[in-house]
$ cat entry21.txt   # compact mmCIF, C-alpha atoms and all ligand atoms
# COMPACT_ATOMS: atom_id res chain seq x y z
CA MET A 17 10.09 -0.92 29.88
CA GLN A 18 8.34 2.30 28.99
CA GLN A 19 9.55 4.87 26.46
CA LEU A 20 8.39 8.44 25.91
CA ILE A 21 8.40 10.19 22.53
CA ARG A 22 7.92 13.95 22.32
CA GLY A 23 7.07 16.07 19.27
CA GLU A 24 4.21 17.47 17.22
CA MET A 25 1.79 14.60 16.53
CA LEU A 26 -0.94 13.98 13.98
CA HIS A 27 -3.07 10.90 13.47
CA PHE A 28 -6.50 10.06 12.08
CA LEU A 29 -9.55 8.50 13.68
CA SER A 30 -11.68 8.53 10.51
CA ASP A 31 -11.85 10.08 7.05
CA PRO A 32 -11.59 13.87 7.49
CA GLY A 33 -13.56 14.16 4.23
CA ASP A 34 -14.09 17.48 2.51
CA PRO A 35 -15.24 19.96 5.13
CA ALA A 36 -17.28 22.90 3.87
CA PRO A 37 -15.23 26.08 3.37
CA GLY A 38 -14.54 27.66 6.77
CA ALA A 39 -15.56 24.52 8.67
CA VAL A 40 -13.07 22.64 10.81
CA ALA A 41 -12.20 19.17 9.57
CA ALA A 42 -12.94 16.32 11.97
CA GLY A 43 -11.56 12.81 12.19
CA TYR A 44 -8.06 13.57 13.40
CA GLN A 45 -6.07 14.50 16.49
CA HIS A 46 -3.25 17.01 16.41
CA PHE A 47 -1.00 17.94 19.32
CA ASN A 48 1.47 20.79 18.77
CA ASP A 49 3.49 19.65 21.76
CA GLY A 50 2.54 16.00 21.86
CA GLY A 51 3.69 12.91 23.64
CA MET A 52 3.47 9.19 23.09
CA LEU A 53 4.04 6.59 25.78
CA ILE A 54 5.14 3.18 24.51
CA ALA A 55 5.63 -0.16 26.26
CA ASP A 56 6.62 -3.44 24.59
CA GLY A 57 6.26 -1.90 21.15
CA ARG A 58 2.67 -0.75 21.74
CA ILE A 59 1.17 2.66 22.36
CA LEU A 60 -0.15 3.15 25.87
CA LEU A 61 -1.15 6.78 25.39
CA CYS A 62 -0.86 9.61 22.89
CA GLY A 63 -1.91 13.16 23.71
CA PRO A 64 -0.68 16.54 24.92
CA TRP A 65 2.88 16.23 26.24
CA ASN A 66 2.06 17.26 29.81
CA ASP A 67 -0.67 14.60 30.18
CA VAL A 68 1.43 11.85 28.65
CA ALA A 69 4.55 12.73 30.64
CA LYS A 70 2.50 12.59 33.85
CA ALA A 71 1.24 9.11 32.99
CA ALA A 72 4.75 7.71 32.48
CA ALA A 73 6.49 5.66 35.16
CA ALA A 74 9.14 7.57 37.11
CA GLY A 75 12.47 7.61 35.31
CA THR A 76 11.05 6.79 31.84
CA SER A 77 13.47 8.01 29.17
CA CYS A 78 12.30 10.39 26.45
CA ILE A 79 13.33 10.79 22.83
CA ASP A 80 12.65 14.38 21.85
CA HIS A 81 11.62 15.04 18.23
CA SER A 82 10.34 18.56 18.90
CA GLY A 83 10.36 20.61 15.71
CA CYS A 84 9.35 17.58 13.61
CA LEU A 85 5.94 16.05 12.89
CA ILE A 86 5.22 12.52 14.08
CA LEU A 87 2.73 10.52 12.00
CA PRO A 88 1.69 6.86 11.75
CA GLY A 89 3.87 4.92 9.28
CA PHE A 90 2.57 4.91 5.74
CA VAL A 91 0.57 1.94 4.44
CA ASP A 92 1.30 1.19 0.77
CA THR A 93 -1.59 -0.95 -0.47
CA HIS A 94 -0.15 -2.07 -3.80
CA ILE A 95 3.47 -2.87 -4.58
CA HIS A 96 5.51 -5.67 -6.21
CA TYR A 97 8.75 -6.51 -4.40
CA PRO A 98 10.09 -8.63 -7.33
CA GLN A 99 9.88 -5.55 -9.54
CA THR A 100 12.38 -3.54 -7.51
CA ASP A 101 14.95 -3.83 -10.30
CA VAL A 102 12.39 -3.02 -13.02
CA ILE A 103 11.55 0.48 -11.77
CA ALA A 104 12.19 3.13 -14.45
CA SER A 105 11.89 0.77 -17.46
CA PRO A 106 9.99 2.53 -20.24
CA GLY A 107 7.48 0.53 -22.31
CA HIS A 108 4.56 0.92 -24.65
CA GLY A 109 1.77 0.49 -22.18
CA LEU A 110 1.02 -2.16 -19.58
CA LEU A 111 1.03 -5.34 -21.67
CA ASP A 112 4.26 -4.50 -23.50
CA TRP A 113 5.91 -3.48 -20.22
CA LEU A 114 4.91 -6.76 -18.57
CA GLU A 115 6.33 -8.87 -21.43
CA ARG A 116 9.46 -6.85 -21.97
CA TYR A 117 10.71 -6.27 -18.43
CA THR A 118 8.47 -7.63 -15.73
CA PHE A 119 8.07 -11.29 -16.59
CA PRO A 120 11.82 -11.81 -17.23
CA ALA A 121 12.66 -10.08 -13.93
CA GLU A 122 10.14 -12.25 -12.05
CA ARG A 123 11.71 -15.42 -13.49
CA GLN A 124 14.75 -14.94 -11.23
CA PHE A 125 12.65 -15.51 -8.12
CA ILE A 126 12.76 -19.25 -8.63
CA ASP A 127 15.94 -18.77 -6.60
CA GLN A 128 14.99 -18.15 -2.97
CA ASP A 129 18.37 -16.60 -2.16
CA TRP A 130 17.77 -14.02 -4.87
CA GLY A 131 14.37 -13.33 -3.31
CA ILE A 132 15.99 -12.76 0.07
CA GLU A 133 18.55 -10.36 -1.37
CA VAL A 134 15.88 -8.31 -3.14
CA ALA A 135 13.52 -8.42 -0.14
CA GLU A 136 16.23 -6.99 2.12
CA PHE A 137 16.79 -4.06 -0.23
CA PHE A 138 13.06 -3.60 -0.73
CA CYS A 139 12.33 -3.45 3.03
CA ASP A 140 15.18 -0.95 3.53
CA GLU A 141 13.72 1.18 0.78
CA LEU A 142 10.21 1.06 2.27
CA LEU A 143 11.52 2.06 5.69
CA ARG A 144 13.70 4.87 4.31
CA ASN A 145 10.51 6.25 2.79
CA GLY A 146 8.46 5.86 5.96
CA THR A 147 6.35 2.93 4.80
CA THR A 148 5.93 0.48 7.65
CA THR A 149 3.23 -1.75 6.14
CA ALA A 150 2.67 -2.82 2.54
CA LEU A 151 0.42 -5.14 0.55
CA VAL A 152 2.97 -6.94 -1.58
CA PHE A 153 2.88 -9.11 -4.70
CA GLY A 154 5.38 -11.96 -4.82
CA THR A 155 5.95 -13.93 -8.01
CA VAL A 156 4.36 -17.21 -9.06
CA HIS A 157 7.08 -19.03 -7.09
CA PRO A 158 6.05 -19.92 -3.52
CA GLN A 159 9.69 -19.46 -2.53
CA SER A 160 9.44 -15.75 -3.42
CA VAL A 161 6.91 -15.42 -0.60
CA GLU A 162 9.00 -17.58 1.74
CA ALA A 163 11.91 -15.21 1.04
CA PHE A 164 9.87 -12.05 1.61
CA PHE A 165 8.18 -13.25 4.78
CA SER A 166 11.43 -14.52 6.31
CA VAL A 167 13.01 -11.08 5.81
CA ALA A 168 9.95 -9.18 7.11
CA GLN A 169 9.63 -11.51 10.09
CA ARG A 170 13.25 -11.01 11.17
CA ARG A 171 12.67 -7.24 11.04
CA ARG A 172 9.37 -7.49 12.96
CA LEU A 173 7.53 -5.69 10.14
CA ARG A 174 3.77 -5.81 9.67
CA MET A 175 3.58 -6.94 6.05
CA VAL A 176 0.92 -8.60 3.91
CA ALA A 177 1.97 -10.61 0.85
CA GLY A 178 1.00 -13.49 -1.37
CA LYS A 179 2.08 -15.81 -4.14
CA THR A 180 0.94 -14.67 -7.57
CA MET A 181 -1.55 -17.05 -9.17
CA MET A 182 -1.15 -17.13 -12.99
CA ASP A 183 -1.89 -20.11 -15.25
CA ARG A 184 -2.20 -18.70 -18.80
CA ASN A 185 -1.21 -15.89 -21.19
CA CYS A 186 2.24 -15.64 -19.70
CA PRO A 187 5.62 -17.31 -20.32
CA ASP A 188 5.78 -21.02 -19.45
CA TYR A 189 8.41 -20.29 -16.84
CA LEU A 190 5.90 -18.24 -14.80
CA ARG A 191 2.93 -20.56 -15.15
CA ASP A 192 1.26 -22.53 -12.36
CA THR A 193 -2.06 -24.40 -12.55
CA ALA A 194 -5.40 -23.87 -10.84
CA LYS A 195 -4.64 -26.79 -8.51
CA SER A 196 -0.99 -26.01 -7.78
CA SER A 197 -1.80 -22.35 -7.12
CA TYR A 198 -4.53 -23.36 -4.69
CA ASP A 199 -2.31 -25.90 -2.93
CA ASP A 200 0.74 -23.60 -2.77
CA SER A 201 -1.34 -20.67 -1.49
CA LYS A 202 -2.92 -22.85 1.19
CA ARG A 203 0.43 -24.16 2.34
CA LEU A 204 1.81 -20.61 2.55
CA ILE A 205 -1.26 -19.49 4.50
CA ASP A 206 -0.84 -22.33 6.97
CA THR A 207 2.86 -21.61 7.33
CA TRP A 208 2.90 -17.82 7.51
CA HIS A 209 -0.47 -16.16 8.08
CA GLY A 210 -0.58 -14.70 11.59
CA VAL A 211 3.04 -15.55 12.31
CA GLY A 212 4.47 -12.52 14.10
CA ARG A 213 3.07 -9.53 12.27
CA LEU A 214 2.68 -11.21 8.88
CA GLY A 215 -0.50 -11.64 6.91
CA TYR A 216 -1.24 -13.57 3.73
CA ALA A 217 -3.14 -12.12 0.75
CA ILE A 218 -4.80 -14.32 -1.88
CA THR A 219 -3.14 -12.96 -5.04
CA PRO A 220 -4.47 -13.80 -8.53
CA ARG A 221 -2.40 -11.52 -10.83
CA PHE A 222 -5.25 -10.31 -13.07
CA ALA A 223 -8.04 -11.82 -15.16
CA ILE A 224 -5.86 -12.14 -18.26
CA THR A 225 -3.39 -14.52 -16.64
CA SER A 226 -5.95 -16.67 -14.80
CA SER A 227 -8.31 -19.25 -16.28
CA ASP A 228 -11.85 -19.52 -14.95
CA ALA A 229 -10.69 -22.60 -13.06
CA GLN A 230 -7.95 -20.62 -11.34
CA LEU A 231 -10.23 -17.69 -10.47
CA GLU A 232 -12.63 -20.29 -9.03
CA ALA A 233 -9.75 -21.63 -6.92
CA ALA A 234 -8.94 -18.10 -5.74
CA GLY A 235 -12.63 -17.61 -4.89
CA ALA A 236 -12.61 -20.87 -2.92
CA LEU A 237 -9.63 -19.59 -0.90
CA ALA A 238 -11.42 -16.26 -0.39
CA ARG A 239 -14.40 -18.14 1.07
CA GLU A 240 -12.28 -20.49 3.19
CA TYR A 241 -10.24 -17.60 4.60
CA PRO A 242 -12.65 -14.64 4.83
CA ALA A 243 -10.27 -12.64 7.05
CA LEU A 244 -7.50 -12.65 4.43
CA PRO A 245 -7.13 -9.86 1.89
CA VAL A 246 -7.61 -10.61 -1.80
CA HIS A 247 -5.11 -8.68 -3.92
CA THR A 248 -5.33 -8.21 -7.69
CA HIS A 249 -5.41 -5.69 -10.56
CA VAL A 250 -8.50 -4.49 -12.44
CA ALA A 251 -9.29 -2.20 -15.39
CA GLU A 252 -5.87 -0.60 -15.66
CA SER A 253 -5.49 -0.05 -19.41
CA PRO A 254 -7.84 0.04 -22.42
CA ALA A 255 -5.99 -2.82 -24.20
CA GLU A 256 -6.20 -4.96 -21.07
CA VAL A 257 -9.93 -4.27 -20.71
CA ALA A 258 -10.51 -5.26 -24.37
CA TRP A 259 -8.60 -8.52 -23.90
CA VAL A 260 -10.64 -9.38 -20.80
CA LYS A 261 -13.82 -8.83 -22.83
CA ASP A 262 -12.58 -11.44 -25.34
CA LEU A 263 -11.49 -13.90 -22.69
CA PHE A 264 -14.70 -13.68 -20.63
CA PRO A 265 -17.49 -13.02 -23.16
CA TRP A 266 -20.11 -13.85 -20.53
CA SER A 267 -19.07 -11.03 -18.20
CA ARG A 268 -20.85 -7.68 -17.94
CA SER A 269 -17.57 -5.92 -17.23
CA TYR A 270 -13.99 -6.62 -16.13
CA LEU A 271 -15.01 -6.18 -12.50
CA ASP A 272 -17.85 -8.63 -13.03
CA VAL A 273 -15.33 -11.41 -13.78
CA TYR A 274 -14.01 -11.14 -10.23
CA ASP A 275 -17.49 -10.71 -8.80
CA ARG A 276 -18.76 -13.93 -10.39
CA HIS A 277 -15.80 -15.78 -8.89
CA GLY A 278 -16.49 -14.49 -5.38
CA LEU A 279 -13.49 -12.21 -5.21
CA LEU A 280 -15.26 -8.98 -4.21
CA ARG A 281 -15.70 -8.59 -0.51
CA PRO A 282 -14.27 -6.58 2.40
CA ARG A 283 -10.44 -6.79 2.37
CA SER A 284 -10.36 -7.24 -1.41
CA VAL A 285 -7.90 -4.67 -2.75
CA LEU A 286 -8.08 -3.99 -6.48
CA ALA A 287 -5.27 -1.94 -7.95
CA HIS A 288 -6.09 0.80 -10.48
CA CYS A 289 -9.88 0.69 -11.17
CA LEU A 290 -9.50 3.24 -13.99
CA TYR A 291 -12.13 1.87 -16.37
CA LEU A 292 -15.12 1.18 -14.15
CA ASP A 293 -18.65 2.34 -14.88
CA ASP A 294 -21.32 3.41 -12.40
CA VAL A 295 -22.62 -0.14 -12.00
CA ASP A 296 -19.10 -1.33 -11.17
CA ARG A 297 -18.58 1.48 -8.68
CA ARG A 298 -21.86 0.69 -6.94
CA ARG A 299 -20.84 -2.97 -6.79
CA MET A 300 -17.44 -2.07 -5.36
CA ALA A 301 -19.09 0.04 -2.67
CA ALA A 302 -21.71 -2.59 -1.79
CA SER A 303 -19.15 -5.41 -1.62
CA GLY A 304 -16.69 -3.50 0.57
CA ALA A 305 -13.84 -4.08 -1.90
CA ALA A 306 -11.29 -1.26 -2.12
CA ALA A 307 -9.62 0.56 -5.00
CA ALA A 308 -5.86 1.06 -4.61
CA PHE A 309 -5.14 4.36 -6.39
CA CYS A 310 -1.67 4.15 -7.97
CA PRO A 311 -1.15 7.51 -9.65
CA THR A 312 2.56 7.38 -10.51
CA SER A 313 2.10 3.98 -12.17
CA ASN A 314 -0.94 5.14 -14.12
CA LEU A 315 0.97 8.12 -15.51
CA PHE A 316 4.17 6.16 -16.14
CA LEU A 317 2.46 3.43 -18.19
CA GLY A 318 0.11 5.94 -19.82
CA SER A 319 -2.80 3.93 -18.42
CA GLY A 320 -5.15 6.81 -17.65
CA LEU A 321 -6.49 8.94 -14.81
CA PHE A 322 -8.26 7.49 -11.78
CA ASP A 323 -11.47 9.35 -10.99
CA LEU A 324 -11.11 9.84 -7.26
CA ARG A 325 -14.18 12.01 -6.90
CA GLN A 326 -16.46 9.49 -8.60
CA ALA A 327 -15.06 6.67 -6.48
CA LEU A 328 -15.49 8.58 -3.21
CA ASP A 329 -18.96 9.85 -4.18
CA ALA A 330 -20.04 6.28 -4.90
CA GLY A 331 -18.84 5.20 -1.46
CA VAL A 332 -15.97 3.08 -2.78
CA ARG A 333 -13.20 2.50 -0.26
CA VAL A 334 -9.98 4.02 -1.56
CA SER A 335 -6.36 3.60 -0.47
CA ILE A 336 -3.00 4.44 -2.04
CA GLY A 337 -0.42 2.24 -3.76
CA THR A 338 2.98 3.06 -5.21
CA ASP A 339 2.81 0.05 -7.58
CA VAL A 340 6.59 -0.17 -7.88
CA GLY A 341 7.96 -1.24 -10.43
CA ALA A 342 5.39 0.42 -12.77
CA GLY A 343 5.17 3.15 -10.14
CA THR A 344 8.08 5.55 -10.20
CA SER A 345 8.76 6.01 -6.49
CA PHE A 346 8.73 4.11 -3.21
CA SER A 347 7.81 7.38 -1.52
CA MET A 348 4.21 7.74 -0.37
CA LEU A 349 4.83 11.51 -0.21
CA ARG A 350 5.70 11.53 -3.93
CA THR A 351 2.72 9.27 -4.61
CA LEU A 352 0.32 11.52 -2.67
CA ALA A 353 1.66 14.54 -4.57
CA CYS A 354 0.86 12.74 -7.81
CA ALA A 355 -2.56 11.70 -6.46
CA TYR A 356 -3.33 15.35 -5.83
CA GLN A 357 -2.39 16.25 -9.41
CA VAL A 358 -4.33 13.40 -11.02
CA ALA A 359 -7.40 14.15 -8.90
CA HIS A 360 -7.11 17.79 -9.92
CA LEU A 361 -7.20 16.82 -13.61
CA LYS A 362 -10.47 15.05 -12.83
CA ASP A 363 -11.86 18.16 -11.19
CA TYR A 364 -11.35 17.14 -7.58
CA VAL A 365 -9.15 18.93 -5.07
CA LEU A 366 -7.74 16.40 -2.63
CA SER A 367 -7.19 18.03 0.75
CA PRO A 368 -3.88 17.52 2.59
CA LEU A 369 -5.61 16.03 5.62
CA ARG A 370 -7.50 13.54 3.49
CA SER A 371 -4.26 12.73 1.62
CA PHE A 372 -2.46 11.73 4.81
CA TYR A 373 -5.53 9.82 5.98
CA LEU A 374 -5.53 7.85 2.70
CA GLY A 375 -1.82 7.11 3.15
CA THR A 376 -2.17 5.83 6.72
CA LEU A 377 -5.44 4.75 8.41
CA ALA A 378 -7.35 4.13 5.15
CA GLY A 379 -4.69 1.67 4.04
CA ALA A 380 -4.81 -0.17 7.35
CA ALA A 381 -8.61 -0.29 7.16
CA VAL A 382 -8.84 -1.77 3.65
CA LEU A 383 -6.46 -4.54 4.79
CA GLY A 384 -8.57 -5.18 7.91
CA ILE A 385 -5.67 -4.38 10.26
CA ASP A 386 -6.81 -0.99 11.54
CA ASP A 387 -7.29 -2.61 14.94
CA VAL A 388 -3.49 -2.91 15.27
CA ILE A 389 -1.95 -0.14 13.11
CA GLY A 390 -2.93 3.06 11.30
CA ASN A 391 -3.16 5.55 14.15
CA PHE A 392 -2.00 6.25 17.71
CA LEU A 393 -4.91 4.93 19.77
CA PRO A 394 -3.98 2.99 22.93
CA GLY A 395 -3.00 -0.60 22.20
CA LYS A 396 -1.85 0.03 18.62
CA GLU A 397 1.58 -1.08 17.49
CA ALA A 398 4.05 1.80 17.61
CA ASP A 399 4.94 2.10 13.91
CA PHE A 400 5.50 5.79 13.22
CA ILE A 401 7.61 8.26 11.29
CA VAL A 402 9.26 11.57 12.04
CA LEU A 403 8.96 14.17 9.27
CA ASP A 404 11.63 16.86 9.06
CA PRO A 405 10.37 20.31 8.00
CA CYS A 406 13.88 21.39 6.97
CA ALA A 407 15.01 18.29 5.08
CA THR A 408 16.01 20.36 2.05
CA PRO A 409 16.78 24.08 1.74
CA LEU A 410 13.61 24.68 -0.28
CA LEU A 411 11.42 22.70 2.12
CA GLY A 412 12.80 24.69 5.06
CA ARG A 413 12.34 28.01 3.32
CA ARG A 414 8.75 27.26 2.30
CA MET A 415 7.86 25.82 5.73
CA ALA A 416 9.13 28.97 7.44
CA VAL A 417 6.25 30.97 5.96
CA ALA A 418 3.54 28.32 6.34
CA GLN A 419 0.66 29.31 8.60
CA THR A 420 -1.45 26.22 9.19
CA LEU A 421 -1.15 22.46 9.68
CA GLU A 422 -2.90 21.87 6.35
CA GLU A 423 -0.46 24.13 4.58
CA ARG A 424 2.54 22.35 6.08
CA LEU A 425 1.13 18.93 5.17
CA PHE A 426 0.65 20.08 1.60
CA ILE A 427 4.24 21.38 1.43
CA TRP A 428 5.56 18.07 2.77
CA LEU A 429 3.74 16.07 0.15
CA THR A 430 4.52 18.45 -2.71
CA LEU A 431 8.21 19.01 -1.96
CA GLY A 432 9.06 16.01 0.22
CA ASP A 433 10.41 12.55 -0.48
CA ASP A 434 12.61 10.06 1.39
CA ARG A 435 14.79 12.94 2.59
CA ALA A 436 11.89 14.33 4.63
CA VAL A 437 11.54 11.07 6.57
CA LYS A 438 14.05 11.62 9.36
CA HIS A 439 13.26 8.47 11.33
CA THR A 440 11.06 5.41 10.92
CA TYR A 441 10.07 3.49 14.06
CA VAL A 442 8.85 -0.10 14.02
CA MET A 443 7.26 -1.41 17.23
CA GLY A 444 8.71 1.59 19.03
CA VAL A 445 12.26 1.02 17.76
CA ALA A 446 14.03 3.45 15.42
CA GLN A 447 15.24 1.62 12.33
CA SER A 448 18.71 2.20 10.97
CA VAL A 449 18.52 2.38 7.20
CA ARG A 450 20.86 3.57 4.48
CA ARG A 451 20.70 7.32 3.90
N1 LIG A 501 -1.39 -6.12 -14.22
C1 LIG A 501 -1.01 -7.41 -14.12
N2 LIG A 501 0.24 -7.52 -13.62
C2 LIG A 501 0.66 -6.27 -13.39
C3 LIG A 501 1.86 -5.73 -12.86
O1 LIG A 501 2.80 -6.42 -12.50
N3 LIG A 501 1.92 -4.37 -12.78
C4 LIG A 501 0.90 -3.57 -13.15
N4 LIG A 501 1.01 -2.24 -13.01
N5 LIG A 501 -0.24 -4.05 -13.64
C5 LIG A 501 -0.36 -5.39 -13.76
ZN ZN A 502 0.64 -3.78 -9.76

$ encode --input "entry21.txt" --output "structure tokens"
Amino acid sequence: MQQLIRGEMLHFLSDPGDPAPGAVAAGYQHFNDGGMLIADGRILLCGPWNDVAKAAAAGTSCIDHSGCLILPGFVDTHIHYPQTDVIASPGHGLLDWLERYTFPAERQFIDQDWGIEVAEFFCDELLRNGTTTALVFGTVHPQSVEAFFSVAQRRRLRMVAGKTMMDRNCPDYLRDTAKSSYDDSKRLIDTWHGVGRLGYAITPRFAITSSDAQLEAAGALAREYPALPVHTHVAESPAEVAWVKDLFPWSRSYLDVYDRHGLLRPRSVLAHCLYLDDVDRRRMAASGAAAAFCPTSNLFLGSGLFDLRQALDAGVRVSIGTDVGAGTSFSMLRTLACAYQVAHLKDYVLSPLRSFYLGTLAGAAVLGIDDVIGNFLPGKEADFIVLDPCATPLLGRRMAVAQTLEERLFIWLTLGDDRAVKHTYVMGVAQSVRR
């Protein structure tokens, strides 16, 4: 059965970049009066309303979102579902925060029923905020991933997740071994990867909590399963970087630890990347690994400021992560607003078009799933959101005097949050979520 959607539409075909002043940005399609034709959860056609309506079978019903902007669902490329209940816990930097709140909270995920309860809330929260795909950390417990995938599968969500590998420098109750982490990861891959819309990510927590033997095991998985993302943290705080230097005296840099273990390649997603040097950035670019920029987390933990300009200039792939629970919001709009501010402090003005590109297609691309999600090309899965220009009195008032698409996008990300996301569609179906 076909379904028509009508409304203003925007989606990206490539990075709109930083067009010269006065030049028109490329890399996107925008239809003031747009249409999307969907069948079996996939997009058949997206374009000007008249063309799309003509292509529809006679009698096809239409949902009219005129007056709102329809965008691809957001792709959050770094988030921890077991940290949902840790959000807004103040600490003295990353390592203190991990010990004080995060590790004790993760301990509870030995109980799969607890994992299911949290995963249900977490998925509701993502959808309320317009995030339809996320790259998700579980805990060390394989059952935390079983719980998350079972919830995502029932909801038909496209989600990527993995069991955290961690065999040292953490409480005993969160410790696996190089062998058990390899075996458990492999079993989860065999059970879940490619089931429905689910994908598995090889997930060593960070260099501090993995021995060389465990990083070697992660590297072996990365070689055995080249299509799978690798998901980890790198160079987030000065104290963490100093500890890594002690633990791996042979390494040139923190990034080099992962490189020597074969963990840098396309579909590797490294959260933070604050303390990289030029050699590291060149290596990131050459390897195809991506930096997940997590601005609210970096400010909350006092970690530092990501240098977006340097990363982009070096050709590093960049995407956006909320990093809940160190991040302070599930909202990609709030996170993009913060990204703009952090970039500004590093002397780079992030354009609104590029912001929305980073929050949608770029995220899909770094995960290697831009063939199925990320924009509205024919054949893509119909995961999209409907943004309301009048979600709050202030938003409505400011929108009323906006002149251009770019201006409206900037207002949405500066003033918007979950309230601006009027509807979230998954595979062409509007989701009912708590408001
Ligand atoms: N580094 C290692 N583990 C974590 C985590 O859970 N959160 C953040 N922000 N950084 C980490
Ligand atoms: Zn994180």

$ closest_residue --input "entry21.txt" --among "A:Arg325, A:Arg172, A:His360, A:His249" --to "ligand ZN 502 (chain A)" --atoms "only C-alpha atoms and all ligand atoms"
A:His249

$ closest_residue --input "entry21.txt" --among "A:Leu53, A:Val365, A:Ile86, A:Cys310" --to "A:Leu403" --atoms "all atoms listed in the file"
A:Ile86

$ residues_around --input "entry21.txt" --residues "stretch 239-243 of chain A" --least-positions-apart "4" --cutoff "9 Å" --atoms "all atoms listed in the file" --output "ChimeraX atom specification"
/A:234-235,278-279,281-283,384

$ residues_near_ligand --input "entry21.txt" --ligand "ligand ZN 502 (chain A)" --cutoff "9 Å" --atoms "only C-alpha atoms and all ligand atoms" --output "list in words"
His94, Ile95, His96, Phe153, Arg221, Thr248, His249, Ala287, His288, Cys310, Ser313, Gly337, Thr338, Asp339, Val340, Gly341, Ala342 and Gly343 of chain A

$ write_last_selection --input "entry21.txt" --atoms "C-alpha atoms" --output "JSON list (two decimals), in the coordinates of the input"
[["chain", "number", "residue", "atom", "x", "y", "z"],
["A", 94, "HIS", "CA", -0.15, -2.07, -3.80],
["A", 95, "ILE", "CA", 3.47, -2.87, -4.58],
["A", 96, "HIS", "CA", 5.51, -5.67, -6.21],
["A", 153, "PHE", "CA", 2.88, -9.11, -4.70],
["A", 221, "ARG", "CA", -2.40, -11.52, -10.83],
["A", 248, "THR", "CA", -5.33, -8.21, -7.69],
["A", 249, "HIS", "CA", -5.41, -5.69, -10.56],
["A", 287, "ALA", "CA", -5.27, -1.94, -7.95],
["A", 288, "HIS", "CA", -6.09, 0.80, -10.48],
["A", 310, "CYS", "CA", -1.67, 4.15, -7.97],
["A", 313, "SER", "CA", 2.10, 3.98, -12.17],
["A", 337, "GLY", "CA", -0.42, 2.24, -3.76],
["A", 338, "THR", "CA", 2.98, 3.06, -5.21],
["A", 339, "ASP", "CA", 2.81, 0.05, -7.58],
["A", 340, "VAL", "CA", 6.59, -0.17, -7.88],
["A", 341, "GLY", "CA", 7.96, -1.24, -10.43],
["A", 342, "ALA", "CA", 5.39, 0.42, -12.77],
["A", 343, "GLY", "CA", 5.17, 3.15, -10.14]]

$ closest_residue --input "entry21.txt" --among "A:Tyr274, A:Phe165, A:Phe316, A:Trp130" --to "ligand LIG 501 (chain A)" --atoms "only C-alpha atoms and all ligand atoms"
A:Phe316

$ closest_residue --input "entry21.txt" --among "A:Leu421, A:Val152, A:Ala398, A:Ala177" --to "A:Cys62" --atoms "only C-alpha atoms"
A:Ala398

$ closest_residue --input "entry21.txt" --among "A:Pro254, A:Met17, A:Arg370, A:Val358" --to "A:Gly75" --atoms "all atoms listed in the file"
A:Met17

$ build_atoms --input "entry21.txt" --residues "stretch 162-170 of chain A" --atoms "N, CA, C and O atoms" --output "mmCIF file, in the frame of the given file"
data_model
loop_
_atom_site.group_PDB
_atom_site.id
_atom_site.type_symbol
_atom_site.label_atom_id
_atom_site.label_comp_id
_atom_site.auth_asym_id
_atom_site.auth_seq_id
_atom_site.Cartn_x
_atom_site.Cartn_y
_atom_site.Cartn_z
ATOM 1 N N GLU A 162 8.171 -17.099 0.618
ATOM 2 C CA GLU A 162 9.000 -17.580 1.740
ATOM 3 C C GLU A 162 10.118 -16.568 1.999
ATOM 4 O O GLU A 162 10.410 -16.196 3.139
ATOM 5 N N ALA A 163 10.772 -16.143 0.923
ATOM 6 C CA ALA A 163 11.910 -15.210 1.040
ATOM 7 C C ALA A 163 11.434 -13.896 1.655
ATOM 8 O O ALA A 163 12.039 -13.390 2.616
ATOM 9 N N PHE A 164 10.347 -13.357 1.119
ATOM 10 C CA PHE A 164 9.870 -12.050 1.610
ATOM 11 C C PHE A 164 9.450 -12.130 3.069
ATOM 12 O O PHE A 164 9.835 -11.278 3.888
ATOM 13 N N PHE A 165 8.670 -13.154 3.404
ATOM 14 C CA PHE A 165 8.180 -13.250 4.780
ATOM 15 C C PHE A 165 9.337 -13.483 5.767
ATOM 16 O O PHE A 165 9.308 -12.967 6.886
ATOM 17 N N SER A 166 10.331 -14.264 5.359
ATOM 18 C CA SER A 166 11.430 -14.520 6.310
ATOM 19 C C SER A 166 12.173 -13.219 6.614
ATOM 20 O O SER A 166 12.555 -12.964 7.753
ATOM 21 N N VAL A 167 12.329 -12.367 5.599
ATOM 22 C CA VAL A 167 13.010 -11.080 5.810
ATOM 23 C C VAL A 167 12.143 -10.157 6.678
ATOM 24 O O VAL A 167 12.620 -9.542 7.644
ATOM 25 N N ALA A 168 10.859 -10.068 6.352
ATOM 26 C CA ALA A 168 9.950 -9.180 7.110
ATOM 27 C C ALA A 168 9.818 -9.644 8.558
ATOM 28 O O ALA A 168 9.762 -8.825 9.488
ATOM 29 N N GLN A 169 9.787 -10.948 8.742
ATOM 30 C CA GLN A 169 9.630 -11.510 10.090
ATOM 31 C C GLN A 169 10.829 -11.174 10.969
ATOM 32 O O GLN A 169 10.678 -10.771 12.118
ATOM 33 N N ARG A 170 12.036 -11.302 10.396
ATOM 34 C CA ARG A 170 13.250 -11.010 11.170
ATOM 35 C C ARG A 170 13.273 -9.537 11.570
ATOM 36 O O ARG A 170 13.763 -9.172 12.627
#
